[in-house]
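Structure record follows, encoded as structure tokens.
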Amino acid sequence: MRATSPTIFYPFSGPDFLNVTTMFPGSQTYVLMGLEPVGTVPRPTTLENPKLFTALKASLWSVLNFSFFRTNDMAVDLKSVELDGALPLLMLFATRTNHQVEAVRYIQLTPEGEVVEADTATIRRPGLKVVPGVEVQLRTAQGQPKKVVYLSADLSDWKLGVTKEAALKYVQTLGPLTTYVKSATYLMHKPYFSKVRNLILARSNYVLQDDSGIAMKYFRPATDWQFTFYGTYKRPINLFAKHYQPELTTAYTDSANRPRPLPFGTGYNWRQNDSNLLLAQRTITVQ
């Protein structure tokens with residue numbers, strides 16, 4: 001899968017470059033989308049702020065301990081040191097995973113999904129119909145160039161209507177996808193996230209997700225997909241209890257096709273022996 005995954009789409013990611021580059025270290029392009037504002041490159045005075053380390057440590061506590069962000073906590077923590085969005089954390093994760101940040105470009109999407117330059121005023125105060133973003137050029141320690149695109153986009157059906165589905169039109173230009181979904185608050189289980197769900201199912205050759213991603217009932221017809229299950233499926237945490245999937249319990253208790261081990265924790269059931277991942281591979285590839 002990794003060898004045929006040059007482009008990774010990671011919806012509902014926030015600034016989580018850490019997990020996606022760990023899962024797909026050889027990919028060339030990572031497209032992340034979340035509700036967090038884009039943010040700007042930190043000023044020297046911000047980097048010299050004695051409160052910076054404490055604020056960063058607090059904001060990253062949940063992602064480093066549990067593998068997912070607590071978005072509201074992160075927003076409060078970072079505002080205290082004038083870190084204003086996803087970009088500073090993207091740059092931090094890039095550096096700490098041995099990537100050199102070579103260039104940063106502020107962007108926005110046209111209604112047709114095309115990428116154009118954006119100024120900092122647009123990034124700081126985007127209009128309701130604007131999808132702002134940032135493009136970060138990286139280089140690995142081995143010299144491999146990479147690109148990370150972060151778009152601040154609400155992917156609900158209603159909001160996509162307001163922005164003329166610009167974010168989805170952009171994703172359609174990326175070619176065949178590998179989609180990664182983790183700790184996505186079960187949004188694509190819901191009817192009002194149908195547009196992004198349908199796009200993923202139509203344009204992905206691989207979907208790697210925990211149970212908070214796309215519900216099994218939407219992988220139809222099932223003969224179009226080959227499923228590999230990892231780890232252990234238990235009921236969702238109490239906050240998301242209504243999104244329990246009996247189909248997954250059946251799959252994970254199939255004695256003839258046992259799930260494979262998952263040697264790490266991920267998602268809301270973050271303990272190592274409680275976590276699950278599903279790899280769905282399309283049987284006829286998207287070109």
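Each chain in the structure tokens gets a letter, A, B and so on, in the order shown; residues start at 1 in every chain, and ligands are counted from 1 in the order they appear.
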Non-local contacts of stretch 251-256 of chain A (9 Å; only C-alpha atoms; under 2 positions in same chain excluded) as number ranges by chain:
A: 229-233, 246-249, 258-259
Residue selection dump (C-alpha atoms) as a PDB file, in the first residue's frame:
ATOM      1  CA  PHE A 229      -8.794  -5.807  10.076  1.00  0.00           C
ATOM      2  CA  TYR A 230      -6.172  -4.951  12.690  1.00  0.00           C
ATOM      3  CA  GLY A 231      -6.288  -4.879  16.460  1.00  0.00           C
ATOM      4  CA  THR A 232      -9.421  -5.176  18.565  1.00  0.00           C
ATOM      5  CA  TYR A 233     -12.874  -3.740  18.058  1.00  0.00           C
ATOM      6  CA  PRO A 246     -22.365  -4.765  14.947  1.00  0.00           C
ATOM      7  CA  GLU A 247     -20.791  -5.503  11.535  1.00  0.00           C
ATOM      8  CA  LEU A 248     -17.356  -4.818  13.001  1.00  0.00           C
ATOM      9  CA  THR A 249     -17.968  -7.072  15.986  1.00  0.00           C
ATOM     10  CA  ARG A 258      -8.861 -13.472  12.333  1.00  0.00           C
ATOM     11  CA  PRO A 259      -7.811  -9.814  12.623  1.00  0.00           C
TER      12      PRO A 259
END
Considering only C-alpha atoms, return as a CSV table (one decimal) with N, CA and C atoms, in the first residue's frame whatever protein or nucleic-acid residues lie within 9 Å of A:Asp157, sequence-local ones (same chain, fewer than 5 positions apart) excluded.
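So result19.csv came out as:
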chain,number,residue,atom,x,y,z
A,162,VAL,N,-22.0,26.2,0.7
A,162,VAL,CA,-21.6,27.6,0.8
A,162,VAL,C,-20.3,27.9,0.1
A,165,GLU,N,-18.3,23.6,-2.9
A,165,GLU,CA,-17.6,22.4,-2.8
A,165,GLU,C,-16.1,22.5,-3.3
A,191,PRO,N,-25.6,11.5,8.0
A,191,PRO,CA,-26.1,11.7,6.7
A,191,PRO,C,-25.6,13.1,6.1
A,192,TYR,N,-25.3,14.0,7.0
A,192,TYR,CA,-24.9,15.4,6.5
A,192,TYR,C,-23.4,15.5,6.3
A,193,PHE,N,-22.7,14.4,6.2
A,193,PHE,CA,-21.3,14.4,5.8
A,193,PHE,C,-21.2,13.4,4.6
A,194,SER,N,-22.3,13.4,3.8
A,194,SER,CA,-22.3,12.4,2.7
A,194,SER,C,-21.4,12.8,1.5
A,195,LYS,N,-21.2,14.1,1.3
A,195,LYS,CA,-20.4,14.5,0.1
A,195,LYS,C,-18.9,14.1,0.2
A,196,VAL,N,-18.3,14.4,1.4
A,196,VAL,CA,-16.9,14.0,1.5
A,196,VAL,C,-16.8,12.5,1.6
With distances taken over only C-alpha atoms, which of A:Gln287, A:Asn205, A:Thr45, A:Thr120 is nearest to A:Thr173?
A:Gln287
Tell me, which residues of stretch 117-170 of chain A carry DSSP strand (DSSP E), written as number ranges by chain?
A: 117, 131-140, 145-152
Expected file contents, prior selection, N, CA, C and O atoms, as a tab-separated table (two decimals), in the first residue's frame:
chain	number	residue	atom	x	y	z
A	117	GLU	N	-2.64	31.99	-4.91
A	117	GLU	CA	-1.96	32.65	-3.79
A	117	GLU	C	-2.96	33.40	-2.92
A	117	GLU	O	-3.98	33.90	-3.40
A	131	VAL	N	-12.06	29.26	1.19
A	131	VAL	CA	-11.34	28.12	1.78
A	131	VAL	C	-9.85	28.49	1.79
A	131	VAL	O	-9.18	28.41	0.76
A	132	PRO	N	-9.33	28.94	2.94
A	132	PRO	CA	-7.92	29.33	3.02
A	132	PRO	C	-7.05	28.13	3.35
A	132	PRO	O	-7.52	27.10	3.86
A	133	GLY	N	-5.76	28.28	3.08
A	133	GLY	CA	-4.85	27.18	3.37
A	133	GLY	C	-3.40	27.60	3.33
A	133	GLY	O	-3.07	28.78	3.19
A	134	VAL	N	-2.56	26.60	3.45
A	134	VAL	CA	-1.12	26.83	3.40
A	134	VAL	C	-0.46	25.62	2.76
A	134	VAL	O	-0.93	24.49	2.92
A	135	GLU	N	0.58	25.88	2.01
A	135	GLU	CA	1.36	24.83	1.35
A	135	GLU	C	2.77	24.90	1.89
A	135	GLU	O	3.42	25.95	1.83
A	136	VAL	N	3.24	23.79	2.44
A	136	VAL	CA	4.56	23.75	3.07
A	136	VAL	C	5.43	22.75	2.30
A	136	VAL	O	5.06	21.58	2.16
A	137	GLN	N	6.54	23.23	1.79
A	137	GLN	CA	7.51	22.38	1.10
A	137	GLN	C	8.53	21.87	2.11
A	137	GLN	O	9.13	22.65	2.85
A	138	LEU	N	8.71	20.54	2.12
A	138	LEU	CA	9.63	19.92	3.06
A	138	LEU	C	10.68	19.11	2.32
A	138	LEU	O	10.52	18.78	1.15
A	139	ARG	N	11.74	18.75	3.06
A	139	ARG	CA	12.73	17.81	2.54
A	139	ARG	C	13.14	16.90	3.68
A	139	ARG	O	13.41	17.35	4.79
A	140	THR	N	13.17	15.59	3.40
A	140	THR	CA	13.56	14.64	4.43
A	140	THR	C	15.07	14.65	4.62
A	140	THR	O	15.81	15.23	3.83
A	145	PRO	N	11.96	15.33	-1.48
A	145	PRO	CA	11.05	16.47	-1.34
A	145	PRO	C	9.63	16.00	-1.02
A	145	PRO	O	9.18	14.96	-1.51
A	146	LYS	N	8.94	16.76	-0.18
A	146	LYS	CA	7.56	16.46	0.19
A	146	LYS	C	6.77	17.76	0.22
A	146	LYS	O	7.34	18.85	0.35
A	147	LYS	N	5.46	17.62	0.13
A	147	LYS	CA	4.59	18.78	0.21
A	147	LYS	C	3.43	18.47	1.15
A	147	LYS	O	2.82	17.40	1.06
A	148	VAL	N	3.14	19.41	2.04
A	148	VAL	CA	1.98	19.31	2.93
A	148	VAL	C	1.06	20.48	2.61
A	148	VAL	O	1.48	21.64	2.59
A	149	VAL	N	-0.20	20.16	2.33
A	149	VAL	CA	-1.22	21.18	2.12
A	149	VAL	C	-2.22	21.08	3.25
A	149	VAL	O	-2.77	20.00	3.51
A	150	TYR	N	-2.42	22.18	3.96
A	150	TYR	CA	-3.47	22.23	4.98
A	150	TYR	C	-4.53	23.22	4.55
A	150	TYR	O	-4.23	24.37	4.19
A	151	LEU	N	-5.78	22.77	4.54
A	151	LEU	CA	-6.91	23.63	4.22
A	151	LEU	C	-7.84	23.72	5.41
A	151	LEU	O	-8.20	22.70	6.00
A	152	SER	N	-8.20	24.93	5.76
A	152	SER	CA	-9.17	25.16	6.82
A	152	SER	C	-10.56	25.08	6.21
A	152	SER	O	-11.04	26.04	5.59
My list of candidates is A:His189, A:Lys169, A:Arg260, A:His99. Which is closest to A:Tyr244 when distances are computed with only C-alpha atoms?
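Smallest distance to A:Tyr244 is found for A:His189.
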